[in-house]
file data.txt (compact mmCIF, N, CA and C atoms)
# COMPACT_ATOMS: atom_id res chain seq x y z
N PHE J 55 -0.95 0.66 4.90
CA PHE J 55 -0.99 0.92 3.47
C PHE J 55 -0.16 2.16 3.17
N THR J 56 0.25 2.31 1.94
CA THR J 56 1.04 3.48 1.56
C THR J 56 0.24 4.31 0.56
N ILE J 57 0.54 5.57 0.56
CA ILE J 57 -0.11 6.48 -0.37
C ILE J 57 0.90 6.78 -1.47
N ALA J 58 0.58 6.43 -2.67
CA ALA J 58 1.48 6.71 -3.79
C ALA J 58 1.03 8.00 -4.45
N CYS J 59 1.94 8.92 -4.58
CA CYS J 59 1.60 10.17 -5.27
C CYS J 59 2.85 10.71 -5.94
N ALA J 60 2.63 11.50 -6.96
CA ALA J 60 3.75 12.16 -7.61
C ALA J 60 4.38 13.11 -6.61
N GLU J 61 5.67 13.21 -6.66
CA GLU J 61 6.30 14.14 -5.72
C GLU J 61 7.51 14.78 -6.38
N LEU J 62 7.77 16.00 -5.98
CA LEU J 62 8.95 16.69 -6.45
C LEU J 62 10.15 16.18 -5.66
N PRO J 63 11.31 16.09 -6.30
CA PRO J 63 12.50 15.70 -5.53
C PRO J 63 12.82 16.78 -4.50
N SER J 64 13.46 16.39 -3.42
CA SER J 64 13.80 17.36 -2.38
C SER J 64 14.94 18.26 -2.86
N ALA J 65 14.73 19.56 -2.71
CA ALA J 65 15.73 20.54 -3.13
C ALA J 65 16.74 20.77 -2.01
N ASP J 66 17.97 21.07 -2.40
CA ASP J 66 18.98 21.44 -1.41
C ASP J 66 19.21 22.95 -1.48
N ASN J 67 20.13 23.46 -0.65
CA ASN J 67 20.35 24.90 -0.59
C ASN J 67 20.87 25.44 -1.92
N ASN J 68 21.67 24.68 -2.65
CA ASN J 68 22.15 25.13 -3.96
C ASN J 68 20.99 25.32 -4.93
N ALA J 69 20.04 24.40 -4.90
CA ALA J 69 18.86 24.51 -5.78
C ALA J 69 18.02 25.72 -5.40
N ILE J 70 17.89 25.97 -4.10
CA ILE J 70 17.13 27.15 -3.65
C ILE J 70 17.82 28.42 -4.11
N ARG J 71 19.12 28.51 -3.89
CA ARG J 71 19.87 29.72 -4.29
C ARG J 71 19.78 29.94 -5.80
N ALA J 72 19.90 28.87 -6.57
CA ALA J 72 19.81 29.00 -8.03
C ALA J 72 18.42 29.50 -8.44
N ALA J 73 17.38 28.98 -7.79
CA ALA J 73 16.01 29.41 -8.09
C ALA J 73 15.83 30.89 -7.77
N LEU J 74 16.36 31.32 -6.62
CA LEU J 74 16.19 32.72 -6.21
C LEU J 74 16.95 33.67 -7.12
N ALA J 75 17.99 33.19 -7.78
CA ALA J 75 18.79 34.03 -8.68
C ALA J 75 18.30 33.96 -10.13
N SER J 76 17.24 33.20 -10.39
CA SER J 76 16.80 32.91 -11.76
C SER J 76 16.00 34.03 -12.42
N GLY J 77 15.52 34.99 -11.63
CA GLY J 77 14.66 36.03 -12.19
C GLY J 77 13.21 35.60 -12.32
N ARG J 78 12.88 34.44 -11.77
CA ARG J 78 11.49 33.95 -11.78
C ARG J 78 10.98 33.87 -10.35
N PRO J 79 9.65 34.03 -10.16
CA PRO J 79 9.12 33.84 -8.81
C PRO J 79 9.34 32.39 -8.36
N THR J 80 9.49 32.22 -7.06
CA THR J 80 9.82 30.90 -6.50
C THR J 80 8.91 30.58 -5.33
N LEU J 81 8.43 29.35 -5.30
CA LEU J 81 7.73 28.81 -4.13
C LEU J 81 8.61 27.72 -3.55
N ALA J 82 9.01 27.90 -2.30
CA ALA J 82 9.74 26.87 -1.57
C ALA J 82 8.79 26.30 -0.52
N ASP J 83 8.46 25.04 -0.67
CA ASP J 83 7.53 24.35 0.23
C ASP J 83 8.35 23.45 1.16
N PHE J 84 8.38 23.80 2.44
CA PHE J 84 9.14 23.06 3.44
C PHE J 84 8.20 22.09 4.15
N GLY J 85 8.56 20.81 4.17
CA GLY J 85 7.72 19.82 4.84
C GLY J 85 8.46 18.51 5.01
N VAL J 86 7.69 17.47 5.26
CA VAL J 86 8.20 16.10 5.30
C VAL J 86 7.22 15.24 4.50
N GLN J 87 7.68 14.11 4.02
CA GLN J 87 6.84 13.34 3.11
C GLN J 87 5.66 12.65 3.78
N ASP J 88 5.68 12.53 5.10
CA ASP J 88 4.58 11.79 5.74
C ASP J 88 3.62 12.66 6.55
N CYS J 89 3.71 13.99 6.45
CA CYS J 89 2.71 14.81 7.15
C CYS J 89 1.46 14.88 6.28
N PRO J 90 0.26 14.75 6.88
CA PRO J 90 -0.97 14.72 6.08
C PRO J 90 -1.15 15.90 5.12
N PRO J 91 -0.93 17.17 5.55
CA PRO J 91 -1.09 18.25 4.58
C PRO J 91 -0.03 18.19 3.46
N CYS J 92 1.17 17.71 3.80
CA CYS J 92 2.23 17.58 2.79
C CYS J 92 1.83 16.54 1.74
N ILE J 93 1.27 15.43 2.20
CA ILE J 93 0.81 14.37 1.29
C ILE J 93 -0.30 14.91 0.38
N LYS J 94 -1.21 15.68 0.97
CA LYS J 94 -2.33 16.24 0.21
C LYS J 94 -1.84 17.26 -0.83
N MET J 95 -0.77 17.99 -0.49
CA MET J 95 -0.26 19.02 -1.39
C MET J 95 0.65 18.47 -2.48
N ALA J 96 1.23 17.29 -2.29
CA ALA J 96 2.23 16.77 -3.25
C ALA J 96 1.74 16.77 -4.69
N PRO J 97 0.54 16.23 -4.99
CA PRO J 97 0.10 16.25 -6.40
C PRO J 97 -0.19 17.66 -6.90
N ILE J 98 -0.61 18.55 -6.03
CA ILE J 98 -0.86 19.95 -6.41
C ILE J 98 0.46 20.61 -6.79
N MET J 99 1.49 20.40 -5.95
CA MET J 99 2.80 20.98 -6.22
C MET J 99 3.37 20.45 -7.54
N GLU J 100 3.21 19.16 -7.77
CA GLU J 100 3.69 18.55 -9.01
C GLU J 100 2.98 19.17 -10.22
N GLU J 101 1.66 19.32 -10.11
CA GLU J 101 0.86 19.89 -11.20
C GLU J 101 1.27 21.34 -11.48
N VAL J 102 1.40 22.14 -10.43
CA VAL J 102 1.80 23.55 -10.60
C VAL J 102 3.20 23.62 -11.20
N SER J 103 4.10 22.76 -10.74
CA SER J 103 5.46 22.73 -11.26
C SER J 103 5.48 22.45 -12.76
N GLN J 104 4.66 21.51 -13.21
CA GLN J 104 4.60 21.18 -14.63
C GLN J 104 3.96 22.30 -15.44
N GLU J 105 2.88 22.87 -14.92
CA GLU J 105 2.17 23.94 -15.64
C GLU J 105 3.02 25.20 -15.78
N LEU J 106 3.84 25.48 -14.78
CA LEU J 106 4.59 26.73 -14.78
C LEU J 106 6.07 26.54 -15.10
N ALA J 107 6.42 25.40 -15.67
CA ALA J 107 7.83 25.14 -16.02
C ALA J 107 8.36 26.28 -16.88
N GLY J 108 9.50 26.83 -16.50
CA GLY J 108 10.10 27.94 -17.22
C GLY J 108 9.56 29.30 -16.84
N LYS J 109 8.47 29.34 -16.06
CA LYS J 109 7.86 30.61 -15.63
C LYS J 109 8.04 30.87 -14.15
N ALA J 110 8.10 29.79 -13.35
CA ALA J 110 8.24 29.90 -11.90
C ALA J 110 9.01 28.68 -11.40
N ASN J 111 9.63 28.82 -10.26
CA ASN J 111 10.34 27.71 -9.63
C ASN J 111 9.49 27.17 -8.50
N ILE J 112 9.23 25.88 -8.52
CA ILE J 112 8.44 25.22 -7.48
C ILE J 112 9.35 24.18 -6.83
N LEU J 113 9.69 24.40 -5.56
CA LEU J 113 10.63 23.53 -4.86
C LEU J 113 9.98 22.89 -3.64
N PHE J 114 10.31 21.64 -3.39
CA PHE J 114 9.93 20.98 -2.14
C PHE J 114 11.20 20.69 -1.37
N ILE J 115 11.23 21.08 -0.12
CA ILE J 115 12.38 20.83 0.74
C ILE J 115 11.94 19.86 1.82
N ASP J 116 12.46 18.64 1.75
CA ASP J 116 12.14 17.59 2.73
C ASP J 116 13.04 17.80 3.95
N LEU J 117 12.44 18.25 5.03
CA LEU J 117 13.22 18.58 6.22
C LEU J 117 13.76 17.35 6.95
N THR J 118 13.30 16.15 6.59
CA THR J 118 13.94 14.96 7.17
C THR J 118 15.30 14.73 6.51
N LYS J 119 15.47 15.25 5.31
CA LYS J 119 16.75 15.10 4.60
C LYS J 119 17.72 16.23 4.93
N ASP J 120 17.21 17.41 5.27
CA ASP J 120 18.08 18.55 5.56
C ASP J 120 17.41 19.49 6.57
N LYS J 121 17.59 19.19 7.85
CA LYS J 121 16.98 20.01 8.91
C LYS J 121 17.57 21.41 8.96
N LYS J 122 18.84 21.57 8.54
CA LYS J 122 19.50 22.87 8.60
C LYS J 122 18.77 23.91 7.73
N LEU J 123 18.22 23.46 6.62
CA LEU J 123 17.50 24.40 5.75
C LEU J 123 16.28 24.97 6.44
N GLY J 124 15.61 24.17 7.24
CA GLY J 124 14.47 24.67 8.01
C GLY J 124 14.89 25.79 8.94
N LYS J 125 16.01 25.59 9.62
CA LYS J 125 16.52 26.63 10.52
C LYS J 125 16.96 27.86 9.74
N LEU J 126 17.66 27.63 8.63
CA LEU J 126 18.16 28.73 7.81
C LEU J 126 17.03 29.65 7.34
N TYR J 127 15.89 29.06 6.99
CA TYR J 127 14.75 29.83 6.50
C TYR J 127 13.70 30.10 7.57
N GLY J 128 14.01 29.82 8.82
CA GLY J 128 13.11 30.15 9.92
C GLY J 128 11.81 29.37 9.94
N VAL J 129 11.83 28.14 9.45
CA VAL J 129 10.62 27.31 9.42
C VAL J 129 10.40 26.71 10.81
N GLN J 130 9.21 26.98 11.38
CA GLN J 130 8.90 26.49 12.71
C GLN J 130 7.81 25.42 12.71
N MET J 131 6.98 25.41 11.68
CA MET J 131 5.90 24.42 11.56
C MET J 131 5.89 23.92 10.11
N ILE J 132 5.33 22.72 9.93
CA ILE J 132 5.23 22.20 8.57
C ILE J 132 3.78 21.85 8.25
N PRO J 133 3.42 21.98 6.98
CA PRO J 133 4.25 22.56 5.92
C PRO J 133 4.27 24.08 6.00
N THR J 134 5.36 24.66 5.56
CA THR J 134 5.48 26.11 5.42
C THR J 134 5.83 26.40 3.96
N GLN J 135 5.07 27.29 3.35
CA GLN J 135 5.36 27.73 1.98
C GLN J 135 5.92 29.14 2.05
N ILE J 136 7.06 29.35 1.40
CA ILE J 136 7.65 30.68 1.32
C ILE J 136 7.69 31.07 -0.16
N PHE J 137 7.12 32.22 -0.45
CA PHE J 137 7.09 32.75 -1.81
C PHE J 137 8.13 33.85 -1.93
N PHE J 138 8.91 33.79 -3.01
CA PHE J 138 9.94 34.79 -3.28
C PHE J 138 9.62 35.45 -4.62
N ASN J 139 9.86 36.76 -4.71
CA ASN J 139 9.58 37.46 -5.96
C ASN J 139 10.71 37.25 -6.96
N VAL J 140 10.62 37.93 -8.10
CA VAL J 140 11.59 37.74 -9.18
C VAL J 140 12.99 38.20 -8.79
N ARG J 141 13.12 39.00 -7.75
CA ARG J 141 14.42 39.44 -7.26
C ARG J 141 14.95 38.55 -6.14
N GLY J 142 14.21 37.48 -5.81
CA GLY J 142 14.65 36.55 -4.78
C GLY J 142 14.34 37.00 -3.37
N LYS J 143 13.45 38.00 -3.23
CA LYS J 143 13.09 38.52 -1.91
C LYS J 143 11.81 37.83 -1.42
N GLU J 144 11.81 37.43 -0.15
CA GLU J 144 10.61 36.81 0.42
C GLU J 144 9.46 37.81 0.43
N VAL J 145 8.30 37.39 -0.10
CA VAL J 145 7.14 38.28 -0.14
C VAL J 145 5.93 37.72 0.59
N LYS J 146 5.95 36.42 0.90
CA LYS J 146 4.79 35.81 1.58
C LYS J 146 5.24 34.52 2.23
N ARG J 147 4.67 34.26 3.41
CA ARG J 147 4.92 33.02 4.13
C ARG J 147 3.57 32.49 4.59
N HIS J 148 3.35 31.20 4.39
CA HIS J 148 2.08 30.57 4.76
C HIS J 148 2.38 29.25 5.45
N ILE J 149 1.62 28.94 6.49
CA ILE J 149 1.78 27.68 7.21
C ILE J 149 0.52 26.85 7.01
N GLY J 150 0.68 25.59 6.62
CA GLY J 150 -0.45 24.68 6.45
C GLY J 150 -0.73 24.38 4.99
N PHE J 151 -1.83 23.69 4.76
CA PHE J 151 -2.24 23.29 3.41
C PHE J 151 -2.57 24.52 2.58
N MET J 152 -2.19 24.49 1.30
CA MET J 152 -2.58 25.53 0.33
C MET J 152 -3.12 24.83 -0.90
N ASP J 153 -4.26 25.32 -1.40
CA ASP J 153 -4.79 24.74 -2.63
C ASP J 153 -4.15 25.41 -3.85
N LYS J 154 -4.43 24.85 -5.00
CA LYS J 154 -3.80 25.32 -6.24
C LYS J 154 -4.11 26.78 -6.52
N GLN J 155 -5.36 27.17 -6.35
CA GLN J 155 -5.75 28.55 -6.64
C GLN J 155 -4.98 29.53 -5.76
N ALA J 156 -4.84 29.22 -4.48
CA ALA J 156 -4.11 30.10 -3.56
C ALA J 156 -2.63 30.18 -3.94
N ILE J 157 -2.05 29.05 -4.34
CA ILE J 157 -0.65 29.03 -4.76
C ILE J 157 -0.45 29.91 -5.98
N LEU J 158 -1.33 29.74 -6.98
CA LEU J 158 -1.21 30.54 -8.21
C LEU J 158 -1.38 32.03 -7.92
N GLN J 159 -2.32 32.36 -7.04
CA GLN J 159 -2.55 33.76 -6.68
C GLN J 159 -1.29 34.36 -6.04
N GLU J 160 -0.66 33.63 -5.14
CA GLU J 160 0.55 34.14 -4.49
C GLU J 160 1.71 34.26 -5.48
N LEU J 161 1.81 33.31 -6.40
CA LEU J 161 2.87 33.39 -7.40
C LEU J 161 2.66 34.59 -8.32
N MET J 162 1.40 34.91 -8.64
CA MET J 162 1.13 36.10 -9.45
C MET J 162 1.54 37.35 -8.68
N GLY J 163 1.25 37.37 -7.39
CA GLY J 163 1.67 38.50 -6.56
C GLY J 163 3.18 38.62 -6.47
N ALA J 164 3.88 37.51 -6.68
CA ALA J 164 5.34 37.50 -6.63
C ALA J 164 5.98 37.79 -7.99
N GLY J 165 5.13 38.02 -9.00
CA GLY J 165 5.66 38.43 -10.30
C GLY J 165 5.47 37.44 -11.43
N LEU J 166 4.66 36.39 -11.23
CA LEU J 166 4.41 35.42 -12.30
C LEU J 166 3.72 36.12 -13.46
N LYS J 167 4.23 35.87 -14.68
CA LYS J 167 3.63 36.47 -15.88
C LYS J 167 3.08 35.40 -16.77
call {"tool": "encode", "arguments": {"input": "data.txt", "output": "structure tokens"}}
result
Amino acid sequence: FTIACAELPSADNNAIRAALASGRPTLADFGVQDCPPCIKMAPIMEEVSQELAGKANILFIDLTKDKKLGKLYGVQMIPTQIFFNVRGKEVKRHIGFMDKQAILQELMGAGLK
């Protein structure tokens, strides 16, 4: 059987760079579409992305589509969430499932207003 869920399109390096230069906090979630925690997080990421549109950048990077990005950002396990502040500097890295409250808390720490 398949699990149908809303999902963010996979971001490429240009999308990541644009997000980091936007002046908004950014969450880059590195994973693959079939890992259990990634599947569980997909609707949460979609919801946060919609709620914070224009206030924060929420990106999903599918490492099956671009393995080089995982190496570029030092991702060793999936899922890995990297939070960047409004200046594009990494401020937090987390490995594994994250719930909505934890994501919002980290984005506030990264400068979400």
call {"tool": "closest_residue", "arguments": {"input": "data.txt", "among": "J:Pro79, J:Gly85, J:Pro97, J:Gly165", "to": "Thr118 in chain J", "atoms": "only N, CA and C atoms"}}
result
J:Gly85
call {"tool": "select_by_dssp", "arguments": {"input": "data.txt", "residues": "range 74-156 of chain J", "states": "helix (DSSP H, G or I)", "output": "list of chain:residue names"}}
result
J:Leu74, J:Pro90, J:Pro91, J:Cys92, J:Ile93, J:Lys94, J:Met95, J:Ala96, J:Pro97, J:Ile98, J:Met99, J:Glu100, J:Glu101, J:Val102, J:Ser103, J:Gln104, J:Glu105, J:Lys121, J:Lys122, J:Leu123, J:Gly124, J:Lys125, J:Leu126, J:Lys154, J:Gln155, J:Ala156
call {"tool": "closest_residue", "arguments": {"input": "data.txt", "among": "J:Val86, J:Ala110, J:Leu81, J:Met99", "to": "Ile136 in chain J", "atoms": "all atoms listed in the file"}}
result
J:Leu81
call {"tool": "closest_residue", "arguments": {"input": "data.txt", "among": "J:Pro133, J:Ile115, J:Leu106, J:Leu166", "to": "Cys92 in chain J", "atoms": "all atoms listed in the file"}}
result
J:Pro133
call {"tool": "select_by_dssp", "arguments": {"input": "data.txt", "residues": "chain J", "states": "strand (DSSP E or B)", "output": "list of chain:residue names"}}
result
J:Ser64, J:Thr80, J:Leu81, J:Ala82, J:Asp83, J:Phe84, J:Gly85, J:Asn111, J:Ile112, J:Leu113, J:Phe114, J:Ile115, J:Asp116, J:Thr134, J:Gln135, J:Ile136, J:Phe137, J:Phe138, J:Glu144, J:Val145, J:Lys146, J:Arg147, J:His148, J:Ile149
call {"tool": "closest_residue", "arguments": {"input": "data.txt", "among": "J:Lys109, J:Arg71, J:Arg78, J:Lys121", "to": "Arg141 in chain J", "atoms": "all atoms listed in the file"}}
result
J:Arg78
call {"tool": "atom_distance", "arguments": {"input": "data.txt", "atom1": "atom N of Asp66 in chain J", "atom2": "CA of Asp83 in chain J"}}
result
11.3 Å
call {"tool": "residues_around", "arguments": {"input": "data.txt", "residues": "Tyr127 in chain J", "least_positions_apart": "2", "cutoff": "10 Å", "atoms": "only C-alpha atoms", "output": "list in words"}}
result
Ala82, Phe84, Lys122, Leu123, Gly124, Lys125, Val129, Gln130 and Ile136 of chain J
call {"tool": "atom_distance", "arguments": {"input": "data.txt", "atom1": "CA of Pro63 in chain J", "atom2": "atom N of Pro91 in chain J"}}
result
17.5 Å
call {"tool": "atom_distance", "arguments": {"input": "data.txt", "atom1": "atom N of Ile98 in chain J", "atom2": "CA of Lys154 in chain J"}}
result
7.5 Å
call {"tool": "residues_around", "arguments": {"input": "data.txt", "residues": "Pro90 in chain J", "least_positions_apart": "3", "cutoff": "12 Å", "atoms": "only C-alpha atoms", "output": "JSON, numbers by chain"}}
result
{"J": [57, 85, 86, 87, 93, 94, 95, 96, 132, 133, 150, 151]}
call {"tool": "axis_aligned_box", "arguments": {"input": "data.txt", "around": "range 73-89 of chain J", "padding_each_side": "6 Å", "output": "AutoDock Vina command-line options"}}
result
--center_x 10.1 --center_y 23.9 --center_z -2.6 --size_x 29.3 --size_y 36.2 --size_z 31.6
call {"tool": "decode", "arguments": {"input": "data.txt", "residues": "range 104-119 of chain J", "atoms": "N, CA and C atoms", "output": "PDB file, in the first residue's frame"}}
result
ATOM      1  N   GLN J 104       2.759  26.465   5.084  1.00  0.00           N
ATOM      2  CA  GLN J 104       1.583  27.276   4.758  1.00  0.00           C
ATOM      3  C   GLN J 104       1.337  28.342   5.818  1.00  0.00           C
ATOM      4  N   GLU J 105       1.469  27.973   7.089  1.00  0.00           N
ATOM      5  CA  GLU J 105       1.212  28.922   8.181  1.00  0.00           C
ATOM      6  C   GLU J 105       2.223  30.062   8.201  1.00  0.00           C
ATOM      7  N   LEU J 106       3.458  29.772   7.825  1.00  0.00           N
ATOM      8  CA  LEU J 106       4.520  30.773   7.929  1.00  0.00           C
ATOM      9  C   LEU J 106       4.925  31.356   6.580  1.00  0.00           C
ATOM     10  N   ALA J 107       4.091  31.185   5.570  1.00  0.00           N
ATOM     11  CA  ALA J 107       4.401  31.725   4.238  1.00  0.00           C
ATOM     12  C   ALA J 107       4.701  33.219   4.344  1.00  0.00           C
ATOM     13  N   GLY J 108       5.829  33.637   3.790  1.00  0.00           N
ATOM     14  CA  GLY J 108       6.239  35.036   3.849  1.00  0.00           C
ATOM     15  C   GLY J 108       6.977  35.414   5.116  1.00  0.00           C
ATOM     16  N   LYS J 109       6.989  34.525   6.121  1.00  0.00           N
ATOM     17  CA  LYS J 109       7.673  34.801   7.390  1.00  0.00           C
ATOM     18  C   LYS J 109       8.906  33.936   7.586  1.00  0.00           C
ATOM     19  N   ALA J 110       8.880  32.722   7.021  1.00  0.00           N
ATOM     20  CA  ALA J 110      10.000  31.781   7.154  1.00  0.00           C
ATOM     21  C   ALA J 110      10.039  30.915   5.898  1.00  0.00           C
ATOM     22  N   ASN J 111      11.198  30.372   5.621  1.00  0.00           N
ATOM     23  CA  ASN J 111      11.374  29.465   4.489  1.00  0.00           C
ATOM     24  C   ASN J 111      11.419  28.037   5.016  1.00  0.00           C
ATOM     25  N   ILE J 112      10.571  27.184   4.485  1.00  0.00           N
ATOM     26  CA  ILE J 112      10.525  25.778   4.875  1.00  0.00           C
ATOM     27  C   ILE J 112      10.844  24.962   3.627  1.00  0.00           C
ATOM     28  N   LEU J 113      11.987  24.280   3.641  1.00  0.00           N
ATOM     29  CA  LEU J 113      12.449  23.541   2.469  1.00  0.00           C
ATOM     30  C   LEU J 113      12.607  22.063   2.789  1.00  0.00           C
ATOM     31  N   PHE J 114      12.260  21.219   1.832  1.00  0.00           N
ATOM     32  CA  PHE J 114      12.548  19.789   1.927  1.00  0.00           C
ATOM     33  C   PHE J 114      13.537  19.455   0.825  1.00  0.00           C
ATOM     34  N   ILE J 115      14.617  18.795   1.187  1.00  0.00           N
ATOM     35  CA  ILE J 115      15.627  18.387   0.226  1.00  0.00           C
ATOM     36  C   ILE J 115      15.616  16.868   0.156  1.00  0.00           C
ATOM     37  N   ASP J 116      15.155  16.339  -0.974  1.00  0.00           N
ATOM     38  CA  ASP J 116      15.085  14.892  -1.187  1.00  0.00           C
ATOM     39  C   ASP J 116      16.463  14.414  -1.638  1.00  0.00           C
ATOM     40  N   LEU J 117      17.151  13.715  -0.758  1.00  0.00           N
ATOM     41  CA  LEU J 117      18.521  13.301  -1.050  1.00  0.00           C
ATOM     42  C   LEU J 117      18.605  12.199  -2.096  1.00  0.00           C
ATOM     43  N   THR J 118      17.485  11.581  -2.458  1.00  0.00           N
ATOM     44  CA  THR J 118      17.536  10.637  -3.581  1.00  0.00           C
ATOM     45  C   THR J 118      17.629  11.402  -4.899  1.00  0.00           C
ATOM     46  N   LYS J 119      17.195  12.651  -4.895  1.00  0.00           N
ATOM     47  CA  LYS J 119      17.261  13.479  -6.106  1.00  0.00           C
ATOM     48  C   LYS J 119      18.577  14.236  -6.199  1.00  0.00           C
TER      49      LYS J 119
END
